[in-house]
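Undergrad: So I've got this file, upload-v1.cif, and it contains mmCIF, C-alpha atoms and all ligand atoms:
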data_entry
loop_
_atom_site.label_atom_id
_atom_site.label_comp_id
_atom_site.auth_asym_id
_atom_site.auth_seq_id
_atom_site.Cartn_x
_atom_site.Cartn_y
_atom_site.Cartn_z
CA MET A 1 -34.22 14.55 -29.53
CA TYR A 2 -36.57 17.02 -27.86
CA LEU A 3 -34.74 19.91 -26.16
CA THR A 4 -36.16 22.47 -23.74
CA LYS A 5 -35.64 26.19 -24.38
CA GLU A 6 -32.82 26.25 -21.82
CA GLU A 7 -31.10 23.26 -23.47
CA GLU A 8 -31.46 24.90 -26.91
CA ALA A 9 -29.85 28.05 -25.54
CA ILE A 10 -26.88 26.09 -24.14
CA LEU A 11 -26.56 24.30 -27.48
CA SER A 12 -26.47 27.58 -29.34
CA GLY A 13 -23.60 28.77 -27.13
CA GLU A 14 -25.39 31.21 -24.82
CA LEU A 15 -23.44 29.96 -21.78
CA GLY A 16 -20.11 29.82 -23.59
CA PRO A 17 -18.16 27.31 -25.69
CA GLU A 18 -17.45 24.73 -22.94
CA TYR A 19 -21.11 24.17 -22.05
CA GLN A 20 -21.96 24.30 -25.75
CA LYS A 21 -19.47 21.52 -26.56
CA ALA A 22 -20.69 19.43 -23.62
CA MET A 23 -24.30 19.83 -24.77
CA LYS A 24 -23.38 18.99 -28.37
CA VAL A 25 -21.82 15.69 -27.28
CA LEU A 26 -24.82 14.74 -25.14
CA VAL A 27 -27.26 15.58 -27.93
CA LYS A 28 -25.23 13.69 -30.54
CA LEU A 29 -25.04 10.67 -28.26
CA GLY A 30 -28.76 10.83 -27.46
CA ASP A 31 -29.69 11.19 -31.15
CA ALA A 32 -27.43 8.29 -32.16
CA LEU A 33 -28.91 5.99 -29.52
CA GLY A 34 -32.54 6.98 -29.88
CA ALA A 35 -33.06 9.01 -26.68
CA GLU A 36 -36.18 11.17 -26.76
CA LYS A 37 -34.95 13.78 -24.31
CA LEU A 38 -32.36 14.67 -21.69
CA ILE A 39 -33.07 13.92 -18.04
CA ARG A 40 -31.79 15.62 -14.94
CA ILE A 41 -29.27 13.73 -12.80
CA VAL A 42 -28.57 14.22 -9.09
CA HIS A 43 -24.94 13.06 -8.99
CA ALA A 44 -22.11 12.69 -11.50
CA HIS A 45 -19.10 10.57 -10.55
CA ILE A 46 -16.13 11.52 -12.71
CA SER A 47 -13.80 8.64 -13.55
CA GLY A 48 -10.56 8.56 -15.54
CA ILE A 49 -8.67 11.20 -13.56
CA SER A 50 -5.41 9.44 -12.71
CA TYR A 51 -2.55 10.88 -14.74
CA GLN A 52 -1.26 7.30 -14.98
CA ASN A 53 -4.32 6.39 -17.08
CA ILE A 54 -5.18 9.55 -19.01
CA GLY A 55 -1.76 11.14 -19.61
CA ASP A 56 -1.32 14.58 -21.18
CA ALA A 57 -4.35 14.26 -23.48
CA GLY A 58 -6.65 13.72 -20.48
CA LEU A 59 -4.98 16.49 -18.51
CA GLU A 60 -5.52 18.97 -21.37
CA PHE A 61 -9.13 17.85 -21.75
CA LEU A 62 -9.87 18.49 -18.07
CA GLU A 63 -8.05 21.83 -18.08
CA GLU A 64 -10.07 22.93 -21.09
CA TYR A 65 -13.33 22.36 -19.22
CA SER A 66 -12.05 23.72 -15.91
CA LYS A 67 -12.95 27.25 -17.03
CA VAL A 68 -16.56 26.46 -16.10
CA LYS A 69 -18.40 24.90 -13.17
CA VAL A 70 -20.34 21.66 -12.89
CA ARG A 71 -24.11 22.13 -12.59
CA VAL A 72 -24.76 19.12 -10.34
CA TYR A 73 -23.17 17.43 -7.31
CA ALA A 74 -20.04 15.70 -8.62
CA THR A 75 -17.46 13.40 -7.03
CA SER A 76 -14.17 12.04 -8.37
CA ASN A 77 -12.49 8.65 -8.79
CA PRO A 78 -9.00 7.80 -7.42
CA ILE A 79 -5.83 9.59 -8.56
CA GLY A 80 -2.26 8.29 -8.91
CA PHE A 81 -1.16 8.69 -5.26
CA ASP A 82 -2.15 9.50 -1.69
CA MET A 83 -2.27 13.32 -1.58
CA LYS A 84 -0.44 13.37 1.77
CA LEU A 85 2.00 10.49 1.29
CA TRP A 86 3.03 10.92 -2.33
CA SER A 87 6.74 11.37 -1.59
CA GLU A 88 6.80 8.23 0.63
CA MET A 89 5.23 6.36 -2.29
CA ASN A 90 8.21 7.17 -4.53
CA ILE A 91 6.07 9.17 -6.93
CA PRO A 92 8.27 11.08 -9.38
CA GLU A 93 8.06 14.88 -9.10
CA SER A 94 6.99 15.22 -12.76
CA PHE A 95 4.08 12.77 -12.26
CA TYR A 96 3.10 14.58 -9.07
CA ARG A 97 2.96 17.96 -10.81
CA LYS A 98 0.83 16.72 -13.72
CA GLN A 99 -1.54 14.86 -11.38
CA MET A 100 -1.92 17.99 -9.25
CA ARG A 101 -2.85 20.00 -12.36
CA ILE A 102 -5.70 17.51 -12.84
CA VAL A 103 -6.70 17.89 -9.18
CA SER A 104 -6.70 21.70 -9.53
CA ALA A 105 -8.75 21.53 -12.74
CA LEU A 106 -11.39 19.42 -10.99
CA LYS A 107 -11.39 21.80 -8.03
CA ARG A 108 -11.98 24.82 -10.31
CA MET A 109 -14.91 22.94 -11.86
CA GLY A 110 -16.42 22.47 -8.39
CA VAL A 111 -15.96 18.68 -8.27
CA GLU A 112 -15.72 17.24 -4.73
CA GLN A 113 -12.19 15.98 -4.01
CA THR A 114 -13.35 12.53 -2.98
CA PHE A 115 -10.85 10.47 -5.02
CA THR A 116 -12.59 7.19 -4.40
CA CYS A 117 -14.08 4.35 -6.43
CA THR A 118 -16.77 3.90 -3.75
CA PRO A 119 -18.87 7.06 -4.19
CA TYR A 120 -21.74 5.09 -2.63
CA TYR A 121 -19.98 5.51 0.75
CA ILE A 122 -19.86 9.27 0.17
CA ARG A 123 -23.49 9.65 -0.85
CA LYS A 124 -25.63 6.54 -1.14
CA PRO A 125 -28.01 6.74 -4.12
CA SER A 126 -31.73 6.15 -3.61
CA VAL A 127 -34.07 3.93 -5.58
CA GLY A 128 -35.01 5.50 -8.93
CA GLU A 129 -32.50 8.37 -8.80
CA HIS A 130 -30.80 9.24 -12.10
CA LEU A 131 -26.99 9.45 -12.01
CA ALA A 132 -24.07 9.71 -14.43
CA TRP A 133 -21.38 7.52 -12.91
CA GLY A 134 -18.13 6.25 -14.32
CA GLU A 135 -16.19 3.42 -12.57
CA SER A 136 -17.69 0.00 -13.26
CA ASN A 137 -17.96 -1.29 -9.67
CA ALA A 138 -19.77 1.89 -8.62
CA VAL A 139 -22.14 1.78 -11.61
CA LEU A 140 -23.09 -1.82 -10.81
CA TYR A 141 -23.50 -1.01 -7.11
CA ALA A 142 -25.70 2.01 -7.85
CA ASN A 143 -27.95 0.16 -10.33
CA SER A 144 -28.02 -3.28 -8.78
CA ILE A 145 -27.79 -2.75 -5.03
CA CYS A 146 -29.27 0.75 -4.63
CA GLY A 147 -31.83 0.63 -7.48
CA ALA A 148 -30.59 3.96 -8.88
CA ARG A 149 -30.18 4.51 -12.63
CA THR A 150 -26.97 5.12 -14.48
CA ASN A 151 -25.35 3.93 -17.68
CA ARG A 152 -21.71 2.87 -17.61
CA GLU A 153 -20.31 6.26 -18.47
CA GLY A 154 -16.76 6.84 -19.64
CA GLY A 155 -14.47 9.54 -18.18
CA PRO A 156 -15.29 12.34 -20.70
CA SER A 157 -19.03 11.62 -20.67
CA THR A 158 -19.12 11.96 -16.87
CA VAL A 159 -17.54 15.41 -17.28
CA PHE A 160 -20.11 16.48 -19.91
CA ALA A 161 -22.97 15.15 -17.78
CA ALA A 162 -21.62 16.99 -14.72
CA LEU A 163 -21.36 20.27 -16.68
CA ILE A 164 -24.90 20.06 -18.02
CA GLY A 165 -26.45 18.24 -15.05
CA LYS A 166 -28.28 15.94 -17.44
CA VAL A 167 -27.84 12.81 -19.59
CA PRO A 168 -29.73 11.42 -22.59
CA CYS A 169 -32.68 9.35 -21.39
CA MET A 170 -31.62 5.94 -22.69
CA GLY A 171 -30.29 2.57 -21.61
CA MET A 172 -30.38 2.08 -17.83
CA HIS A 173 -32.42 5.26 -17.35
CA VAL A 174 -35.37 3.60 -19.08
CA GLU A 175 -37.47 1.14 -17.07
CA SER A 176 -38.06 -1.32 -19.93
CA TYR A 177 -34.31 -1.88 -20.41
CA ARG A 178 -33.83 -2.90 -16.80
CA THR A 179 -34.92 -6.48 -17.30
CA PRO A 180 -32.84 -9.60 -16.69
CA ARG A 181 -32.38 -12.06 -19.55
CA VAL A 182 -29.96 -14.54 -17.98
CA LEU A 183 -30.72 -16.47 -14.81
CA ILE A 184 -27.62 -17.38 -12.81
CA LYS A 185 -27.97 -20.03 -10.12
CA VAL A 186 -24.97 -20.03 -7.80
CA GLU A 187 -24.15 -23.58 -6.71
CA ALA A 188 -20.79 -22.61 -5.16
CA PRO A 189 -20.44 -21.50 -1.52
CA ILE A 190 -19.80 -17.75 -1.38
CA GLU A 191 -18.38 -17.13 2.10
CA ASN A 192 -16.14 -14.09 1.67
CA SER A 193 -15.18 -11.21 -0.58
CA LEU A 194 -12.54 -13.23 -2.47
CA HIS A 195 -15.13 -15.80 -3.57
CA ALA A 196 -17.67 -13.06 -4.22
CA GLY A 197 -15.30 -11.16 -6.51
CA VAL A 198 -14.37 -14.30 -8.42
CA LEU A 199 -18.07 -15.19 -8.68
CA GLY A 200 -18.82 -11.74 -10.14
CA TYR A 201 -15.92 -12.14 -12.56
CA THR A 202 -17.17 -15.59 -13.65
CA ILE A 203 -20.73 -14.32 -14.15
CA GLY A 204 -19.38 -11.39 -16.17
CA LEU A 205 -17.63 -13.79 -18.55
CA TYR A 206 -21.01 -15.45 -19.25
CA VAL A 207 -23.27 -12.44 -19.44
CA LYS A 208 -20.95 -10.02 -21.31
CA ASP A 209 -23.22 -6.96 -21.79
CA ARG A 210 -26.49 -8.63 -20.72
CA ILE A 211 -28.46 -8.19 -17.52
CA SER A 212 -28.67 -11.15 -15.17
CA LEU A 213 -30.64 -12.28 -12.16
CA ILE A 214 -28.39 -13.98 -9.60
CA THR A 215 -30.02 -16.49 -7.27
CA ASN A 216 -29.00 -18.75 -4.39
CA ILE A 217 -26.47 -16.46 -2.69
CA ARG A 218 -26.82 -17.20 1.01
CA ARG A 219 -24.48 -14.60 2.46
CA ARG A 220 -25.61 -11.12 1.61
CA ARG A 221 -23.15 -8.99 3.57
CA GLU A 222 -22.09 -5.58 2.25
CA ASP A 223 -18.52 -6.71 1.44
CA ILE A 224 -19.89 -9.66 -0.53
CA VAL A 225 -22.25 -7.68 -2.78
CA LYS A 226 -19.61 -5.00 -3.29
CA ALA A 227 -17.07 -7.61 -4.40
CA ILE A 228 -19.58 -9.18 -6.82
CA CYS A 229 -20.03 -5.73 -8.41
CA ALA A 230 -16.26 -5.26 -8.77
CA GLY A 231 -15.69 -8.72 -10.25
CA LEU A 232 -18.60 -8.52 -12.68
CA GLY A 233 -17.53 -5.07 -13.82
CA THR A 234 -14.03 -6.38 -14.56
CA SER A 235 -14.99 -9.12 -17.02
CA SER A 236 -18.11 -7.63 -18.62
CA SER A 237 -19.68 -4.42 -19.83
CA SER A 238 -22.99 -5.23 -18.16
CA PRO A 239 -24.33 -2.16 -16.30
CA LEU A 240 -26.83 -3.97 -14.06
CA PHE A 241 -27.62 -7.29 -12.41
CA PHE A 242 -30.23 -8.28 -9.90
CA ILE A 243 -29.62 -10.33 -6.79
CA GLU A 244 -32.54 -12.14 -5.28
CA LYS A 245 -33.55 -10.66 -1.90
CA ILE A 246 -31.17 -7.68 -2.28
CA SER A 247 -31.88 -5.65 -5.42
CA PRO A 248 -34.76 -3.33 -4.56
CA GLU A 249 -36.37 -3.53 -8.01
CA ILE A 250 -36.86 -7.29 -7.99
CA SER A 251 -40.39 -7.79 -6.72
CA GLU A 252 -42.36 -11.03 -6.73
CA THR A 253 -44.45 -9.68 -9.62
CA LYS A 254 -41.41 -8.79 -11.67
CA LEU A 255 -39.93 -12.24 -11.02
CA LYS A 256 -43.07 -13.89 -12.38
CA HIS A 257 -43.09 -11.86 -15.59
CA MET A 258 -39.47 -12.09 -16.57
CA ASP A 259 -38.42 -13.18 -20.02
CA ILE A 260 -35.38 -15.33 -19.21
CA THR A 261 -33.66 -16.61 -22.35
CA GLU A 262 -30.73 -18.45 -20.76
CA ARG A 263 -30.04 -20.30 -17.52
CA VAL A 264 -26.56 -20.87 -16.16
CA GLU A 265 -25.35 -22.69 -13.04
CA ILE A 266 -22.08 -21.62 -11.45
CA GLU A 267 -20.32 -24.58 -9.82
CA PRO A 268 -17.33 -24.52 -7.43
CA HIS A 269 -14.99 -25.63 -10.23
CA ASP A 270 -15.92 -22.50 -12.28
CA LEU A 271 -14.47 -20.36 -9.50
CA GLU A 272 -11.48 -22.66 -8.96
CA ASN A 273 -10.57 -22.36 -12.65
CA ILE A 274 -10.23 -18.60 -12.25
CA MET A 275 -8.40 -18.78 -8.91
CA ASP A 276 -5.91 -21.30 -10.32
CA LYS A 277 -4.66 -18.55 -12.63
CA TYR A 278 -3.67 -16.53 -9.55
CA SER A 279 -2.19 -19.24 -7.34
CA PHE A 280 1.19 -17.57 -6.76
CA ARG A 281 2.19 -16.95 -3.10
CA ALA A 282 5.96 -17.24 -2.66
CA ASN A 283 8.29 -14.25 -2.29
CA ALA A 284 5.56 -11.65 -2.53
CA ASP A 285 6.87 -8.10 -2.17
CA ALA A 286 3.48 -6.53 -1.37
CA VAL A 287 0.06 -7.40 0.04
CA PHE A 288 -2.89 -5.22 -1.00
CA LEU A 289 -6.40 -4.96 0.48
CA GLY A 290 -8.91 -2.35 -0.62
CA CYS A 291 -10.21 -2.88 -4.13
CA PRO A 292 -12.81 -1.37 -4.22
CA HIS A 293 -11.82 1.05 -1.44
CA LEU A 294 -12.44 -0.35 2.04
CA SER A 295 -15.46 0.67 4.06
CA TYR A 296 -15.23 1.71 7.72
CA ASN A 297 -16.50 -1.70 8.85
CA GLU A 298 -14.04 -3.59 6.66
CA ILE A 299 -11.14 -1.61 8.15
CA ILE A 300 -12.30 -2.27 11.71
CA GLU A 301 -12.67 -5.98 10.92
CA ILE A 302 -9.12 -6.04 9.54
CA PHE A 303 -7.90 -4.13 12.62
CA ASN A 304 -9.49 -6.69 14.96
CA TYR A 305 -7.84 -9.55 13.12
CA ILE A 306 -4.46 -7.79 12.96
CA SER A 307 -4.51 -7.35 16.75
CA LYS A 308 -3.80 -11.08 17.03
CA PHE A 309 -0.37 -10.69 15.45
CA GLU A 310 2.75 -9.71 17.39
CA GLY A 311 5.42 -7.44 15.91
CA THR A 312 5.41 -5.79 12.50
CA THR A 313 4.63 -7.04 9.00
CA LYS A 314 7.38 -8.86 7.14
CA ILE A 315 5.84 -8.08 3.76
CA PRO A 316 4.44 -4.54 3.37
CA LEU A 317 0.66 -4.61 3.85
CA THR A 318 -1.25 -1.75 2.22
CA LEU A 319 -4.90 -1.00 3.02
CA VAL A 320 -6.66 1.47 0.75
CA THR A 321 -9.72 3.57 1.45
CA SER A 322 -11.29 6.94 0.71
CA ARG A 323 -10.20 10.12 2.51
CA LYS A 324 -13.70 10.33 4.02
CA VAL A 325 -13.52 6.87 5.60
CA PHE A 326 -9.87 7.47 6.62
CA ASN A 327 -10.95 10.57 8.57
CA GLU A 328 -13.60 8.54 10.41
CA ILE A 329 -11.19 5.81 11.59
CA PRO A 330 -10.34 6.24 15.32
CA GLU A 331 -6.80 7.44 16.11
CA ASN A 332 -5.99 4.34 18.20
CA VAL A 333 -6.66 2.15 15.15
CA LYS A 334 -4.38 4.28 12.95
CA LEU A 335 -1.72 4.21 15.65
CA GLU A 336 -1.87 0.43 15.91
CA PHE A 337 -1.54 0.17 12.13
CA ARG A 338 1.53 2.42 12.21
CA LYS A 339 3.08 0.38 15.06
CA LYS A 340 2.61 -2.81 13.06
CA ASN A 341 3.83 -1.18 9.84
CA VAL A 342 0.45 -1.54 8.13
CA LYS A 343 0.00 1.29 5.63
CA LEU A 344 -3.47 2.80 5.49
CA ILE A 345 -3.57 5.05 2.42
CA CYS A 346 -6.21 7.08 0.59
CA ASP A 347 -7.09 8.67 -2.77
CA THR A 348 -5.52 5.98 -4.96
CA CYS A 349 -4.86 2.29 -5.59
CA PHE A 350 -1.99 0.34 -7.16
CA VAL A 351 -3.80 -0.02 -10.50
CA VAL A 352 -4.05 3.74 -11.07
CA ALA A 353 -0.63 4.57 -9.54
CA PRO A 354 2.69 4.74 -11.43
CA LEU A 355 3.60 1.31 -10.08
CA LYS A 356 6.90 0.92 -11.90
CA HIS A 357 8.37 3.50 -9.49
CA MET A 358 7.00 1.74 -6.42
CA ASP A 359 8.91 -1.51 -6.52
CA VAL A 360 5.90 -3.80 -6.67
CA ARG A 361 6.52 -6.88 -8.83
CA ARG A 362 4.91 -9.76 -6.94
CA LEU A 363 1.73 -9.03 -5.06
CA VAL A 364 -0.97 -10.88 -3.15
CA THR A 365 -4.52 -9.52 -2.81
CA ASN A 366 -8.10 -10.65 -2.12
CA SER A 367 -9.52 -8.75 -5.10
CA ILE A 368 -9.93 -10.26 -8.56
CA LYS A 369 -10.30 -6.76 -10.00
CA GLN A 370 -6.98 -5.56 -8.58
CA ALA A 371 -5.37 -8.87 -9.62
CA TYR A 372 -6.68 -8.70 -13.19
CA TYR A 373 -5.56 -5.12 -13.86
CA LEU A 374 -2.22 -5.38 -12.06
CA ALA A 375 -1.35 -8.46 -14.10
CA ASN A 376 -2.64 -7.11 -17.41
CA ILE A 377 -1.69 -3.43 -17.23
CA HIS A 378 1.36 -3.41 -14.96
CA GLY A 379 2.77 -6.90 -15.61
CA VAL A 380 2.75 -7.73 -11.88
CA LYS A 381 2.71 -11.39 -10.81
CA VAL A 382 -0.42 -11.67 -8.66
CA GLY A 383 -1.72 -14.21 -6.19
CA LEU A 384 -5.29 -14.27 -4.89
CA CYS A 385 -6.21 -15.31 -1.36
CA LYS A 386 -8.79 -14.61 1.32
CA THR A 387 -8.45 -11.45 3.41
CA ARG A 388 -7.19 -13.30 6.50
CA GLU A 389 -4.69 -15.31 4.46
CA CYS A 390 -3.40 -12.06 2.95
CA ILE A 391 -2.88 -10.65 6.45
CA LYS A 392 -1.22 -13.85 7.72
CA LEU A 393 1.10 -13.82 4.75
CA ALA A 394 2.06 -10.21 5.43
CA PHE A 395 2.91 -10.94 9.09
CA LYS A 396 4.55 -14.34 8.68
CA GLY A 397 6.35 -13.52 5.46
CA GLU A 398 5.45 -16.85 3.87
CA ALA A 399 2.36 -18.81 2.86
FE1 LIG A 401 -10.91 1.13 -7.01
FE2 LIG A 401 -8.52 0.74 -7.97
FE3 LIG A 401 -10.10 -1.27 -7.56
S1 LIG A 401 -9.86 2.39 -8.51
S2 LIG A 401 -12.15 -0.50 -7.87
S3 LIG A 401 -9.27 0.09 -5.97
S4 LIG A 401 -8.79 -1.00 -9.34
#
As a first step, turn the structure in this file into structure tokens.
Ligand code: F3S
TA:
Amino acid sequence: MYLTKEEEAILSGELGPEYQKAMKVLVKLGDALGAEKLIRIVHAHISGISYQNIGDAGLEFLEEYSKVKVRVYATSNPIGFDMKLWSEMNIPESFYRKQMRIVSALKRMGVEQTFTCTPYYIRKPSVGEHLAWGESNAVLYANSICGARTNREGGPSTVFAALIGKVPCMGMHVESYRTPRVLIKVEAPIENSLHAGVLGYTIGLYVKDRISLITNIRRRREDIVKAICAGLGTSSSSPLFFIEKISPEISETKLKHMDITERVEIEPHDLENIMDKYSFRANADAVFLGCPHLSYNEIIEIFNYISKFEGTTKIPLTLVTSRKVFNEIPENVKLEFRKKNVKLICDTCFVVAPLKHMDVRRLVTNSIKQAYYLANIHGVKVGLCKTRECIKLAFKGEA
């Protein structure tokens, strides 16, 4: 791989052992995968920072690199608790201390304390920008909805990319790789984020690591495309898809010259088959909304709907968002949530939290991603329903 003089100097250790190791990994990766050079990125999003997921090995890794600073704007994925409400969440002191060591390490490195899986609400990428993002829903959103360019980076590689400010020029950074091979025609009505997430999940099962072009989606609201990204990222390793009339790179010319090798139709029963696996409703002990983290508009929409209900929730209802969005929510909305015992929390989600200490065994959500990981990682019994049904269930206490 061609290296500039500056890159050679970093590789030979001129800036110290941490930058040298980071550069070595990037060069090795680039050489192994046929990259010709490194390219500059404008934003790294560091994933894999919850102590629940990375344990002591991850903590030591981050502390090792916290002696030096990132060389590009960098944000961070969710951690294991809400920074301000951790004791109310029943987080054990030992977990808290280890997680806070991770937070301090990231701070020393100069990483923004965003703790969200929706970095696109912190800084929206532009068409053609090169990024190094971890977190599958964010990667798909950046590539597919914003037209930016990032591979699906893992936690450590986002750290190395942030330290160097560059990534090997390969995969999604290269124009010729950004071509759909599978055409997906959606023949099922996609009216809300539950259906959209399940649709994304179903498409992911078909495409695996391939790039698809999704057609015939009539509703193209923000919450719908975001849920498709989250669902598709859950069941596949695909880094990019195109949606007709949304993805900025899909021009009429590109559509005409595509080399589609497979065509798939998604019917209503394909989605029903997935939803049937999450049909549980009775005796839920928690209701969760906010995977991926809620946007400002989603929270206001939930607030408006919640205003119709008298009294407080019978089943705890948790809404999750980023600290940035939380700070933008008007005080009267937060007050109303508190009055109705609706918990609006930040920095985390149930998947990356130490859930066994939080008394959550039977949960209902509108997100296939949250459902999939809670069932498979935490052994929680999960039911899937639409946002409004989730809220009704929380207030009425039964389906
Ligand atoms: Fe975000 Fe947690 Fe879902 S990190 S995408 S809310 S599983």
Undergrad: First collect every listed atom of region 132-143 of chain A; then fit an axis-aligned box around them, widen it by 4 Å on each side, and give centre and edge lengths in Å to one decimal, as lines of an AutoDock Vina configuration file.
TA:
center_x = -22.1
center_y = 3.9
center_z = -10.8
size_x = 19.8
size_y = 19.5
size_z = 15.3
Undergrad: List the spatial neighbours of Gly48 (chain A) as a ChimeraX atom specification - criterion: any atom at most 7 Å away, all atoms listed in the file, same-chain residues fewer than 4 positions off excluded.
TA: /A:53-54,155
Undergrad: Could you list, as a VMD selection string, all residues that come within 9 Å of ligand LIG 401 (chain A)? Count all atoms listed in the file.
TA: chain A and resid 47 77 to 79 115 to 118 135 to 138 230 289 to 294 320 to 321 347 to 353 367 369 to 374
Undergrad: If I take CA of Glu262 (chain A) and CA of Val182 (chain A), how far is one from the other in Å, to one decimal?
TA: 4.9 Å
Undergrad: From the list A:Lys386, A:His269, A:His173, A:Lys254, which residue is nearest Ile368 (chain A) when using only C-alpha atoms?
TA: A:Lys386
Undergrad: Which residues, written as a PyMOL selection string, have at least one atom at most 9 Å from Tyr2 (chain A), with only C-alpha atoms counted and residues fewer than 4 positions away on the same chain left out?
TA: chain A and resi 35-38
Undergrad: Choose the residue, out of A:Ile211, A:Val364, A:Met358, A:Leu26, that has the smallest atom-to-atom separation from Leu317 (chain A); count only C-alpha atoms.
TA: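 Between A:Ile211, A:Val364, A:Met358, A:Leu26, the residue approaching Leu317 (chain A) most closely is A:Val364.
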Undergrad: Could you list, as a list in words, every residue within 12 Å of region 247-251 of chain A, counting all atoms listed in the file and ignoring same-chain residues fewer than 6 positions away?
TA: Ser126, Val127, Gly128, Leu140, Tyr141, Ala142, Asn143, Ser144, Ile145, Cys146, Gly147, Ala148, Arg149, Glu175, Arg178, Thr179, Pro180, Ser212, Leu213, Ile214, Thr215, Arg220, Val225, Leu240, Phe241, His257 and Met258 of chain A
Undergrad: With C-alpha atoms retained, could you export that selection as an mmCIF file, keeping the file's coordinate frame?
TA:
data_model
loop_
_atom_site.group_PDB
_atom_site.id
_atom_site.type_symbol
_atom_site.label_atom_id
_atom_site.label_comp_id
_atom_site.auth_asym_id
_atom_site.auth_seq_id
_atom_site.Cartn_x
_atom_site.Cartn_y
_atom_site.Cartn_z
ATOM 1 C CA SER A 126 -31.730 6.150 -3.610
ATOM 2 C CA VAL A 127 -34.070 3.930 -5.580
ATOM 3 C CA GLY A 128 -35.010 5.500 -8.930
ATOM 4 C CA LEU A 140 -23.090 -1.820 -10.810
ATOM 5 C CA TYR A 141 -23.500 -1.010 -7.110
ATOM 6 C CA ALA A 142 -25.700 2.010 -7.850
ATOM 7 C CA ASN A 143 -27.950 0.160 -10.330
ATOM 8 C CA SER A 144 -28.020 -3.280 -8.780
ATOM 9 C CA ILE A 145 -27.790 -2.750 -5.030
ATOM 10 C CA CYS A 146 -29.270 0.750 -4.630
ATOM 11 C CA GLY A 147 -31.830 0.630 -7.480
ATOM 12 C CA ALA A 148 -30.590 3.960 -8.880
ATOM 13 C CA ARG A 149 -30.180 4.510 -12.630
ATOM 14 C CA GLU A 175 -37.470 1.140 -17.070
ATOM 15 C CA ARG A 178 -33.830 -2.900 -16.800
ATOM 16 C CA THR A 179 -34.920 -6.480 -17.300
ATOM 17 C CA PRO A 180 -32.840 -9.600 -16.690
ATOM 18 C CA SER A 212 -28.670 -11.150 -15.170
ATOM 19 C CA LEU A 213 -30.640 -12.280 -12.160
ATOM 20 C CA ILE A 214 -28.390 -13.980 -9.600
ATOM 21 C CA THR A 215 -30.020 -16.490 -7.270
ATOM 22 C CA ARG A 220 -25.610 -11.120 1.610
ATOM 23 C CA VAL A 225 -22.250 -7.680 -2.780
ATOM 24 C CA LEU A 240 -26.830 -3.970 -14.060
ATOM 25 C CA PHE A 241 -27.620 -7.290 -12.410
ATOM 26 C CA HIS A 257 -43.090 -11.860 -15.590
ATOM 27 C CA MET A 258 -39.470 -12.090 -16.570
#
Undergrad: Need the shell around region 309-311 of chain A: protein/DNA/RNA residues with any atom at most 8 Å away, counting all atoms listed in the file. Skip same-chain ones fewer than 4 positions apart. Format as a list in words?
TA: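 Counting only the stated atoms, we get Tyr305, Lys340 and Phe395 of chain A.
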Undergrad: Report as a ChimeraX atom specification all protein, DNA and RNA residues lying within 6 Å of region 264-266 of chain A, evaluated on all atoms listed in the file, omitting residues in the same chain fewer than 5 positions from it.
TA: /A:184-187
Undergrad: Between CA of Leu59 (chain A) and CA of Ile102 (chain A), what is the distance, to one decimal in Å?
TA: 5.8 Å
Undergrad: Nearest to Leu106 (chain A) among A:Arg361, A:His45, A:Lys84, A:Lys166, with distances taken over all atoms listed in the file: which residue is it?
TA: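 The closest residue to Leu106 (chain A) is A:His45.
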Undergrad: I'd like to know which of A:Met170, A:Asn216, A:Arg101, A:Ser238 is closest to Arg152 (chain A), using all atoms listed in the file.
TA: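 Using all atoms listed in the file, the shortest distance to Arg152 (chain A) belongs to A:Ser238.
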Undergrad: How many Å separate CA of Glu222 (chain A) from CA of Asn151 (chain A)?
TA: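 Separation of CA of Glu222 (chain A) and CA of Asn151 (chain A): 22.3 Å.
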Undergrad: Taking into account all atoms listed in the file, which residue in the set A:Glu112, A:Ser295, A:Asn366, A:Ile246 is nearest to Ser279 (chain A)?
TA: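 Smallest distance to Ser279 (chain A) is found for A:Asn366.
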Undergrad: Given the choices A:Thr4, A:Asp56, A:Lys98, A:Ala44, which gets closest to Pro119 (chain A) if the distance is worked out from all atoms listed in the file?
TA: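 The answer is A:Ala44, which sits nearest to Pro119 (chain A).
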